[in-house]
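Colleague: A single structure is presented below for examination.
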2 protein chains.
Amino acid sequence: MARTRIADEDSNYEELVALARKAYLDKSEHPIWQQIYDRLAAACRERALVPGSRLPGEYRLAEIFGVNRITMRNALGRLQEEGLLQARKGAGIFVRAPAQRYVIKDNMRFSMSLDASGTVTTRTVSLHRRKASAWAREAYGLAAGAETVELHRVRLLDGNPIYYAVKEFSLTIFPRLEADYAEHGSVTRVYRDHGVTSFRRAETRVSGGFADAVQSERLTLTPMTPVILVDSHNTDEDGRTIELNRGCWPLTSVELVFSTP
Amino acid sequence: MARTRIADEDSNYEELVALARKAYLDKSEHPIWQQIYDRLAAACRERALVPGSRLPGEYRLAEIFGVNRITMRNALGRLQEEGLLQARKGAGIFVRAPAQRYVIKDNMRFSMSLDASGTVTTRTVSLHRRKASAWAREAYGLAAGAETVELHRVRLLDGNPIYYAVKEFSLTIFPRLEADYAEHGSVTRVYRDHGVTSFRRAETRVSGGFADAVQSERLTLTPMTPVILVDSHNTDEDGRTIELNRGCWPLTSVELVFSTP
DNA sequence: CAGTGGTCTAGACCACATG
DNA sequence: ATGTGGTCTAGACCACTGG
């Protein structure tokens, strides 16, 4: 593994030197940092820089591109905002997968379905009890001290995280949730095992914000990166709320489609 | 007018001095720029800094807060990203209205309705013909050289721009659009005058991006600020597409709600 | 411990908007 | 003509990550 990483870094190095070779345009019209940004952004999107691999350090990069470290940082900062790179203090700068734009159809009847060209997998981060949130208390009609179950999951496209969601369930509705989910790893399976055969997306709220520490870690983004937030809840056929969900996407990685049936 | 602006700037100055008076916390835990950012963000949200007014220059601000100009710029940069401030080269730094989060309900039957605590007004930026876009050619079934009409509008809350939209119409469907809209300033009126009495939102696509030059100017944002983009189209009762719309919101200013009837 | 990214300072030149 | 924000350089110290 370390073997391939080194190979990746080496191939990155050559690619970067090639990118830096071209002369800069007149800097009064196009700032140097923007030209560097453009070249790196293009390289990321073309996968000329290997997703998951590490870049040389900032001093080295500045040297390669023939600019001051601060100028280099300016370019790197924008690339992080767009989710093309992720810098980790003490560790280095890593190439993220370029943001393919996902198309998510929310048909208001079932859960979101996802159109993607790659392979989508799900990783369960944690499943644990907590004191019910205010949202949950209201939606499920719980008393102040009640417990709920929180499920944290990350969706990955070809191994790259693109969606982080936190779900909160009522133990009154799904008493065997923990064992059930642990065994099958599926929420719809939990539904079925508790007699819920039909459900629908009752409401979806979309807003924007900036990734907090947890969200940025899960999505391998630099903290404070802009994200799209999705709050939603599902109801069963009787109109009872059975699931609360709060999801988070890198800003440019998703396109949510709402259409009439 | 210049009178009140000066008064605003003076009151800003005193507020800023007050904000800078408090000692900074240990900077190894909380970076100085972040502490300055926090204080200014809070002041903007409380409207302690007057929306629309100008701040002192960066050198002066740095002096007030007792830091280097670059450190000050770091804080100011984040505030611009969040749409709390707007810097204009050569002109100064201006206070934007704090981003109240709007709740927009899209019920899939009529056009979006907007819940806001203030007064919403609409400003028409331009109405002109253009060569049909690819999107319009496909949606309206137009030939390659066909003309369409483009309408640019800005929505304001209490005078502050929060939404910028570009609509593209077919002249085949609305031949008298230009005169009609010029006279009444209403799209639904244009619909009615052309015999369209019932219509619905057929599809809404939500995504994220970064404001281009035009969008940032219309929304009084600093260029490259993150925004939420909304593409949608309306159809008449026969299912024929009659309107294409591309809208743009400052990232944290809107919450789009999609719910089942 | 060495190397990394994060922060901060100091000083300089430029293009632009405004009066 | 002046002052503005935008850019760039040079050098420094820190906290963190990793081997």
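Following the order of the structure tokens, chains are lettered A, B, ..., residues in each are numbered from 1, and ligands are numbered from 1.
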What lies within 12 Å of stretch 2-8 of chain C using only C-alpha atoms (C1' of nucleotides), ignoring chain neighbours under 5 positions off, as a ChimeraX atom specification?
Modeller: /A:54-60,69-70,73,76-77,86-94,222 /B:27-34,66-74 /D:11-19
Colleague: Identify every residue of chain B that has at least one atom within 8 Å of any atom of chain A, counting only C-alpha atoms, and report the result as an MDAnalysis selection string.
Modeller: chainID B and resid 108 201:209 226:228 251:260
Colleague: Would you superpose chain A on chain B, least squares on all C-alpha atoms in order, and hand back the fitted chain as an mmCIF file with C-alpha atoms, in the first residue's frame?
Modeller:
data_model
loop_
_atom_site.group_PDB
_atom_site.id
_atom_site.type_symbol
_atom_site.label_atom_id
_atom_site.label_comp_id
_atom_site.auth_asym_id
_atom_site.auth_seq_id
_atom_site.Cartn_x
_atom_site.Cartn_y
_atom_site.Cartn_z
ATOM 1 C CA MET A 1 -28.230 60.413 1.448
ATOM 2 C CA ALA A 2 -24.550 61.050 1.792
ATOM 3 C CA ARG A 3 -25.485 62.444 5.158
ATOM 4 C CA THR A 4 -26.907 59.177 6.453
ATOM 5 C CA ARG A 5 -24.069 57.197 4.954
ATOM 6 C CA ILE A 6 -21.563 59.197 6.929
ATOM 7 C CA ALA A 7 -23.644 58.752 10.039
ATOM 8 C CA ASP A 8 -23.730 55.004 9.394
ATOM 9 C CA GLU A 9 -19.994 54.859 8.992
ATOM 10 C CA ASP A 10 -19.496 56.800 12.169
ATOM 11 C CA SER A 11 -21.751 54.495 14.142
ATOM 12 C CA ASN A 12 -19.956 51.547 12.612
ATOM 13 C CA TYR A 13 -16.662 52.989 13.739
ATOM 14 C CA GLU A 14 -17.749 53.200 17.352
ATOM 15 C CA GLU A 15 -19.214 49.712 17.251
ATOM 16 C CA LEU A 16 -15.965 48.354 15.799
ATOM 17 C CA VAL A 17 -13.850 50.027 18.436
ATOM 18 C CA ALA A 18 -16.095 48.478 21.072
ATOM 19 C CA LEU A 19 -15.717 45.054 19.449
ATOM 20 C CA ALA A 20 -11.945 45.422 19.349
ATOM 21 C CA ARG A 21 -11.670 46.499 22.956
ATOM 22 C CA LYS A 22 -12.096 43.032 24.438
ATOM 23 C CA ALA A 23 -8.820 41.149 24.845
ATOM 24 C CA TYR A 24 -8.200 38.171 22.571
ATOM 25 C CA LEU A 25 -8.261 34.645 23.942
ATOM 26 C CA ASP A 26 -5.206 32.464 23.775
ATOM 27 C CA LYS A 27 -4.393 32.467 20.091
ATOM 28 C CA SER A 28 -2.991 28.945 20.106
ATOM 29 C CA GLU A 29 -6.534 27.722 20.731
ATOM 30 C CA HIS A 30 -8.546 30.302 18.851
ATOM 31 C CA PRO A 31 -6.816 32.012 15.919
ATOM 32 C CA ILE A 32 -7.038 35.790 16.080
ATOM 33 C CA TRP A 33 -8.661 36.028 12.661
ATOM 34 C CA GLN A 34 -11.404 33.659 13.849
ATOM 35 C CA GLN A 35 -12.061 35.693 16.964
ATOM 36 C CA ILE A 36 -12.336 38.839 14.865
ATOM 37 C CA TYR A 37 -14.558 36.950 12.448
ATOM 38 C CA ASP A 38 -16.808 35.801 15.300
ATOM 39 C CA ARG A 39 -17.215 39.303 16.689
ATOM 40 C CA LEU A 40 -17.949 40.846 13.320
ATOM 41 C CA ALA A 41 -20.309 38.051 12.302
ATOM 42 C CA ALA A 42 -22.289 38.485 15.508
ATOM 43 C CA ALA A 43 -22.378 42.246 14.995
ATOM 44 C CA CYS A 44 -23.653 41.804 11.445
ATOM 45 C CA ARG A 45 -26.358 39.392 12.502
ATOM 46 C CA GLU A 46 -27.515 41.646 15.335
ATOM 47 C CA ARG A 47 -27.507 44.532 12.871
ATOM 48 C CA ALA A 48 -25.108 46.366 15.156
ATOM 49 C CA LEU A 49 -23.371 47.102 11.858
ATOM 50 C CA VAL A 50 -25.823 48.882 9.588
ATOM 51 C CA PRO A 51 -26.739 46.938 6.399
ATOM 52 C CA GLY A 52 -25.695 48.914 3.336
ATOM 53 C CA SER A 53 -23.186 51.053 5.186
ATOM 54 C CA ARG A 54 -19.452 51.044 4.565
ATOM 55 C CA LEU A 55 -16.714 49.860 6.889
ATOM 56 C CA PRO A 56 -13.387 51.618 7.378
ATOM 57 C CA GLY A 57 -10.637 50.504 5.009
ATOM 58 C CA GLU A 58 -8.616 47.353 5.614
ATOM 59 C CA TYR A 59 -5.600 49.223 6.950
ATOM 60 C CA ARG A 60 -7.790 51.154 9.347
ATOM 61 C CA LEU A 61 -9.649 48.016 10.421
ATOM 62 C CA ALA A 62 -6.377 46.188 11.015
ATOM 63 C CA GLU A 63 -5.266 49.090 13.162
ATOM 64 C CA ILE A 64 -8.528 49.098 15.131
ATOM 65 C CA PHE A 65 -8.277 45.378 15.831
ATOM 66 C CA GLY A 66 -4.573 45.586 16.512
ATOM 67 C CA VAL A 67 -3.489 43.070 13.891
ATOM 68 C CA ASN A 68 -1.733 42.991 10.551
ATOM 69 C CA ARG A 69 -3.740 43.785 7.464
ATOM 70 C CA ILE A 70 -3.331 40.209 6.192
ATOM 71 C CA THR A 71 -4.806 38.793 9.390
ATOM 72 C CA MET A 72 -7.658 41.240 9.082
ATOM 73 C CA ARG A 73 -8.174 40.158 5.461
ATOM 74 C CA ASN A 74 -8.424 36.558 6.592
ATOM 75 C CA ALA A 75 -11.350 37.412 8.845
ATOM 76 C CA LEU A 76 -12.966 39.666 6.245
ATOM 77 C CA GLY A 77 -12.672 36.926 3.631
ATOM 78 C CA ARG A 78 -14.769 34.466 5.627
ATOM 79 C CA LEU A 79 -17.373 37.133 6.283
ATOM 80 C CA GLN A 80 -17.634 37.705 2.551
ATOM 81 C CA GLU A 81 -18.004 33.994 1.858
ATOM 82 C CA GLU A 82 -20.979 33.918 4.179
ATOM 83 C CA GLY A 83 -22.513 36.915 2.518
ATOM 84 C CA LEU A 84 -22.262 39.168 5.561
ATOM 85 C CA LEU A 85 -19.908 41.620 3.860
ATOM 86 C CA GLN A 86 -19.148 42.586 0.297
ATOM 87 C CA ALA A 87 -15.826 44.107 -0.738
ATOM 88 C CA ARG A 88 -15.628 46.165 -3.917
ATOM 89 C CA LYS A 89 -12.226 46.991 -5.285
ATOM 90 C CA GLY A 90 -11.511 50.684 -5.111
ATOM 91 C CA ALA A 91 -14.780 51.379 -3.328
ATOM 92 C CA GLY A 92 -14.693 49.786 0.100
ATOM 93 C CA ILE A 93 -16.222 47.065 2.229
ATOM 94 C CA PHE A 94 -19.971 47.131 2.621
ATOM 95 C CA VAL A 95 -22.247 45.532 5.151
ATOM 96 C CA ARG A 96 -24.825 43.202 3.631
ATOM 97 C CA ALA A 97 -28.102 42.335 5.252
ATOM 98 C CA PRO A 98 -27.604 39.320 7.522
ATOM 99 C CA ALA A 99 -28.874 36.150 5.891
ATOM 100 C CA GLN A 100 -32.258 35.447 7.336
ATOM 101 C CA ARG A 101 -33.161 32.005 6.255
ATOM 102 C CA TYR A 102 -36.112 32.106 3.919
ATOM 103 C CA VAL A 103 -38.519 29.249 3.751
ATOM 104 C CA ILE A 104 -39.675 28.563 0.222
ATOM 105 C CA LYS A 105 -42.457 26.064 -0.291
ATOM 106 C CA ASP A 106 -42.553 24.373 -3.646
ATOM 107 C CA ASN A 107 -45.779 22.486 -3.723
ATOM 108 C CA MET A 108 -45.352 21.279 -7.283
ATOM 109 C CA ARG A 109 -48.602 22.857 -8.357
ATOM 110 C CA PHE A 110 -47.879 26.520 -8.655
ATOM 111 C CA SER A 111 -44.851 28.644 -8.577
ATOM 112 C CA MET A 112 -42.733 28.895 -5.458
ATOM 113 C CA SER A 113 -44.257 30.712 -2.572
ATOM 114 C CA LEU A 114 -42.141 32.508 -0.121
ATOM 115 C CA ASP A 115 -42.443 32.845 3.633
ATOM 116 C CA ALA A 116 -40.623 35.854 4.890
ATOM 117 C CA SER A 117 -40.893 38.121 7.837
ATOM 118 C CA GLY A 118 -40.049 41.249 5.866
ATOM 119 C CA THR A 119 -41.318 42.897 2.704
ATOM 120 C CA VAL A 120 -40.458 41.204 -0.562
ATOM 121 C CA THR A 121 -40.153 43.260 -3.726
ATOM 122 C CA THR A 122 -39.105 42.411 -7.253
ATOM 123 C CA ARG A 123 -36.816 44.424 -9.492
ATOM 124 C CA THR A 124 -36.708 43.708 -13.198
ATOM 125 C CA VAL A 125 -33.116 43.966 -14.375
ATOM 126 C CA SER A 126 -33.647 43.356 -18.057
ATOM 127 C CA LEU A 127 -35.991 41.871 -20.617
ATOM 128 C CA HIS A 128 -34.515 41.165 -24.011
ATOM 129 C CA ARG A 129 -34.385 38.767 -26.934
ATOM 130 C CA ARG A 130 -31.571 36.291 -27.378
ATOM 131 C CA LYS A 131 -30.622 33.306 -29.468
ATOM 132 C CA ALA A 132 -32.323 30.340 -27.843
ATOM 133 C CA SER A 133 -30.169 28.422 -25.383
ATOM 134 C CA ALA A 134 -29.702 24.691 -25.823
ATOM 135 C CA TRP A 135 -31.975 24.105 -22.847
ATOM 136 C CA ALA A 136 -34.704 26.244 -24.383
ATOM 137 C CA ARG A 137 -34.376 24.684 -27.820
ATOM 138 C CA GLU A 138 -34.895 21.276 -26.323
ATOM 139 C CA ALA A 139 -37.632 22.203 -23.882
ATOM 140 C CA TYR A 140 -39.647 24.287 -26.345
ATOM 141 C CA GLY A 141 -38.781 22.279 -29.450
ATOM 142 C CA LEU A 142 -37.206 25.227 -31.268
ATOM 143 C CA ALA A 143 -35.010 25.284 -34.352
ATOM 144 C CA ALA A 144 -31.330 26.155 -34.088
ATOM 145 C CA GLY A 145 -31.620 29.835 -35.007
ATOM 146 C CA ALA A 146 -34.767 30.610 -33.035
ATOM 147 C CA GLU A 147 -35.105 33.592 -30.734
ATOM 148 C CA THR A 148 -36.328 33.540 -27.166
ATOM 149 C CA VAL A 149 -36.962 36.194 -24.547
ATOM 150 C CA GLU A 150 -34.873 36.362 -21.428
ATOM 151 C CA LEU A 151 -36.067 38.013 -18.244
ATOM 152 C CA HIS A 152 -33.653 38.878 -15.441
ATOM 153 C CA ARG A 153 -35.084 39.703 -12.057
ATOM 154 C CA VAL A 154 -33.879 40.274 -8.545
ATOM 155 C CA ARG A 155 -35.953 39.638 -5.457
ATOM 156 C CA LEU A 156 -35.306 41.831 -2.481
ATOM 157 C CA LEU A 157 -36.235 41.448 1.159
ATOM 158 C CA ASP A 158 -36.594 44.828 2.808
ATOM 159 C CA GLY A 159 -34.550 46.219 -0.058
ATOM 160 C CA ASN A 160 -31.718 43.677 0.187
ATOM 161 C CA PRO A 161 -31.178 41.349 -2.776
ATOM 162 C CA ILE A 162 -31.622 37.685 -1.891
ATOM 163 C CA TYR A 163 -32.557 35.986 -5.146
ATOM 164 C CA TYR A 164 -31.550 36.437 -8.747
ATOM 165 C CA ALA A 165 -33.386 34.592 -11.485
ATOM 166 C CA VAL A 166 -33.139 34.319 -15.250
ATOM 167 C CA LYS A 167 -36.216 33.110 -17.098
ATOM 168 C CA GLU A 168 -36.319 32.140 -20.757
ATOM 169 C CA PHE A 169 -39.578 32.118 -22.691
ATOM 170 C CA SER A 170 -40.655 30.983 -26.121
ATOM 171 C CA LEU A 171 -42.034 33.666 -28.429
ATOM 172 C CA THR A 172 -44.148 31.002 -30.089
ATOM 173 C CA ILE A 173 -46.060 30.524 -26.862
ATOM 174 C CA PHE A 174 -46.017 34.155 -25.686
ATOM 175 C CA PRO A 175 -45.787 36.413 -28.769
ATOM 176 C CA ARG A 176 -46.904 39.526 -26.869
ATOM 177 C CA LEU A 177 -44.679 38.881 -23.860
ATOM 178 C CA GLU A 178 -42.520 41.980 -24.085
ATOM 179 C CA ALA A 179 -45.311 44.543 -24.272
ATOM 180 C CA ASP A 180 -47.398 42.639 -21.743
ATOM 181 C CA TYR A 181 -44.646 42.360 -19.185
ATOM 182 C CA ALA A 182 -43.517 45.926 -19.731
ATOM 183 C CA GLU A 183 -47.036 47.081 -18.973
ATOM 184 C CA HIS A 184 -47.917 44.902 -15.996
ATOM 185 C CA GLY A 185 -44.578 43.602 -14.700
ATOM 186 C CA SER A 186 -46.083 40.222 -13.945
ATOM 187 C CA VAL A 187 -45.375 36.819 -15.461
ATOM 188 C CA THR A 188 -48.668 35.312 -14.393
ATOM 189 C CA ARG A 189 -50.379 38.236 -16.074
ATOM 190 C CA VAL A 190 -48.534 37.365 -19.278
ATOM 191 C CA TYR A 191 -49.691 33.794 -18.858
ATOM 192 C CA ARG A 192 -53.296 34.877 -18.471
ATOM 193 C CA ASP A 193 -53.203 37.257 -21.432
ATOM 194 C CA HIS A 194 -52.109 34.335 -23.596
ATOM 195 C CA GLY A 195 -54.823 32.017 -22.399
ATOM 196 C CA VAL A 196 -52.805 30.062 -19.858
ATOM 197 C CA THR A 197 -55.007 29.890 -16.796
ATOM 198 C CA SER A 198 -53.575 26.850 -15.067
ATOM 199 C CA PHE A 199 -49.972 25.779 -14.726
ATOM 200 C CA ARG A 200 -47.732 23.908 -12.371
ATOM 201 C CA ARG A 201 -44.103 23.479 -11.398
ATOM 202 C CA ALA A 202 -43.137 20.330 -13.286
ATOM 203 C CA GLU A 203 -39.587 19.888 -12.061
ATOM 204 C CA THR A 204 -37.152 21.588 -9.723
ATOM 205 C CA ARG A 205 -33.440 20.818 -9.643
ATOM 206 C CA VAL A 206 -31.350 22.085 -6.757
ATOM 207 C CA SER A 207 -27.585 22.210 -6.823
ATOM 208 C CA GLY A 208 -24.692 24.203 -5.445
ATOM 209 C CA GLY A 209 -21.965 26.276 -7.014
ATOM 210 C CA PHE A 210 -19.997 29.479 -6.843
ATOM 211 C CA ALA A 211 -21.361 32.841 -7.948
ATOM 212 C CA ASP A 212 -20.053 34.076 -11.293
ATOM 213 C CA ALA A 213 -19.469 37.754 -12.029
ATOM 214 C CA VAL A 214 -23.083 38.473 -12.974
ATOM 215 C CA GLN A 215 -24.684 36.569 -10.130
ATOM 216 C CA SER A 216 -22.401 38.118 -7.543
ATOM 217 C CA GLU A 217 -23.107 41.596 -8.845
ATOM 218 C CA ARG A 218 -26.879 41.102 -8.774
ATOM 219 C CA LEU A 219 -26.806 39.708 -5.261
ATOM 220 C CA THR A 220 -24.171 42.172 -4.008
ATOM 221 C CA LEU A 221 -21.893 39.273 -3.148
ATOM 222 C CA THR A 222 -18.156 38.991 -3.535
ATOM 223 C CA PRO A 223 -17.380 36.892 -6.660
ATOM 224 C CA MET A 224 -16.946 33.134 -6.132
ATOM 225 C CA THR A 225 -19.140 33.160 -3.065
ATOM 226 C CA PRO A 226 -20.938 29.821 -2.637
ATOM 227 C CA VAL A 227 -24.573 29.842 -3.777
ATOM 228 C CA ILE A 228 -27.550 27.559 -4.170
ATOM 229 C CA LEU A 229 -28.784 27.156 -7.732
ATOM 230 C CA VAL A 230 -32.332 26.238 -8.671
ATOM 231 C CA ASP A 231 -33.327 25.148 -12.160
ATOM 232 C CA SER A 232 -36.992 24.626 -12.772
ATOM 233 C CA HIS A 233 -39.677 24.631 -15.409
ATOM 234 C CA ASN A 234 -43.403 25.128 -15.463
ATOM 235 C CA THR A 235 -45.915 23.376 -17.661
ATOM 236 C CA ASP A 236 -49.481 24.231 -18.600
ATOM 237 C CA GLU A 237 -52.403 21.887 -18.092
ATOM 238 C CA ASP A 238 -51.551 20.005 -21.276
ATOM 239 C CA GLY A 239 -48.049 19.273 -20.022
ATOM 240 C CA ARG A 240 -46.428 21.733 -22.415
ATOM 241 C CA THR A 241 -43.391 23.546 -21.071
ATOM 242 C CA ILE A 242 -44.100 27.273 -20.823
ATOM 243 C CA GLU A 243 -41.308 28.624 -18.626
ATOM 244 C CA LEU A 244 -37.666 27.869 -17.887
ATOM 245 C CA ASN A 245 -36.097 29.388 -14.804
ATOM 246 C CA ARG A 246 -32.607 29.475 -13.351
ATOM 247 C CA GLY A 247 -32.336 31.021 -9.914
ATOM 248 C CA CYS A 248 -29.529 31.744 -7.512
ATOM 249 C CA TRP A 249 -29.500 32.274 -3.731
ATOM 250 C CA PRO A 250 -26.752 33.179 -1.295
ATOM 251 C CA LEU A 251 -25.854 29.846 0.302
ATOM 252 C CA THR A 252 -27.331 30.415 3.725
ATOM 253 C CA SER A 253 -30.296 32.583 2.800
ATOM 254 C CA VAL A 254 -32.811 30.006 1.775
ATOM 255 C CA GLU A 255 -34.458 26.799 2.841
ATOM 256 C CA LEU A 256 -36.360 25.024 0.096
ATOM 257 C CA VAL A 257 -39.218 22.881 1.288
ATOM 258 C CA PHE A 258 -40.647 20.089 -0.810
ATOM 259 C CA SER A 259 -43.588 18.280 0.687
ATOM 260 C CA THR A 260 -46.246 15.926 -0.462
ATOM 261 C CA PRO A 261 -49.718 17.382 -0.841
#
Colleague: Mind the document's chain letters and residue numbers, and return as number ranges by chain the residues of stretch 23-229 of chain A that DSSP labels strand (DSSP E).
Modeller: A: 54-55, 85-88, 92-95, 102-105, 113-115, 120-131, 147-157, 160-170, 199-210, 226-229
Colleague: For the atom pair atom C1' of D:DA1 and atom C1' of C:DA17, what is the interatomic distance in Å to one decimal place?
Modeller: 12.4 Å
Colleague: Running DSSP on the backbone, which parts of stretch 23-247 of chain A land in alpha helix (DSSP H), as an NGL selection string?
Modeller: :A and (32-45 or 58-64 or 69-81 or 134-140 or 177-184 or 187-193 or 213-218)
Colleague: Could you tell me how far atom C1' of D:DT9 sits from atom C1' of C:DC14, in Å to one decimal place?
Modeller: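 Atom-to-atom, atom C1' of C:DC14 to atom C1' of D:DT9, that is 13.9 Å.
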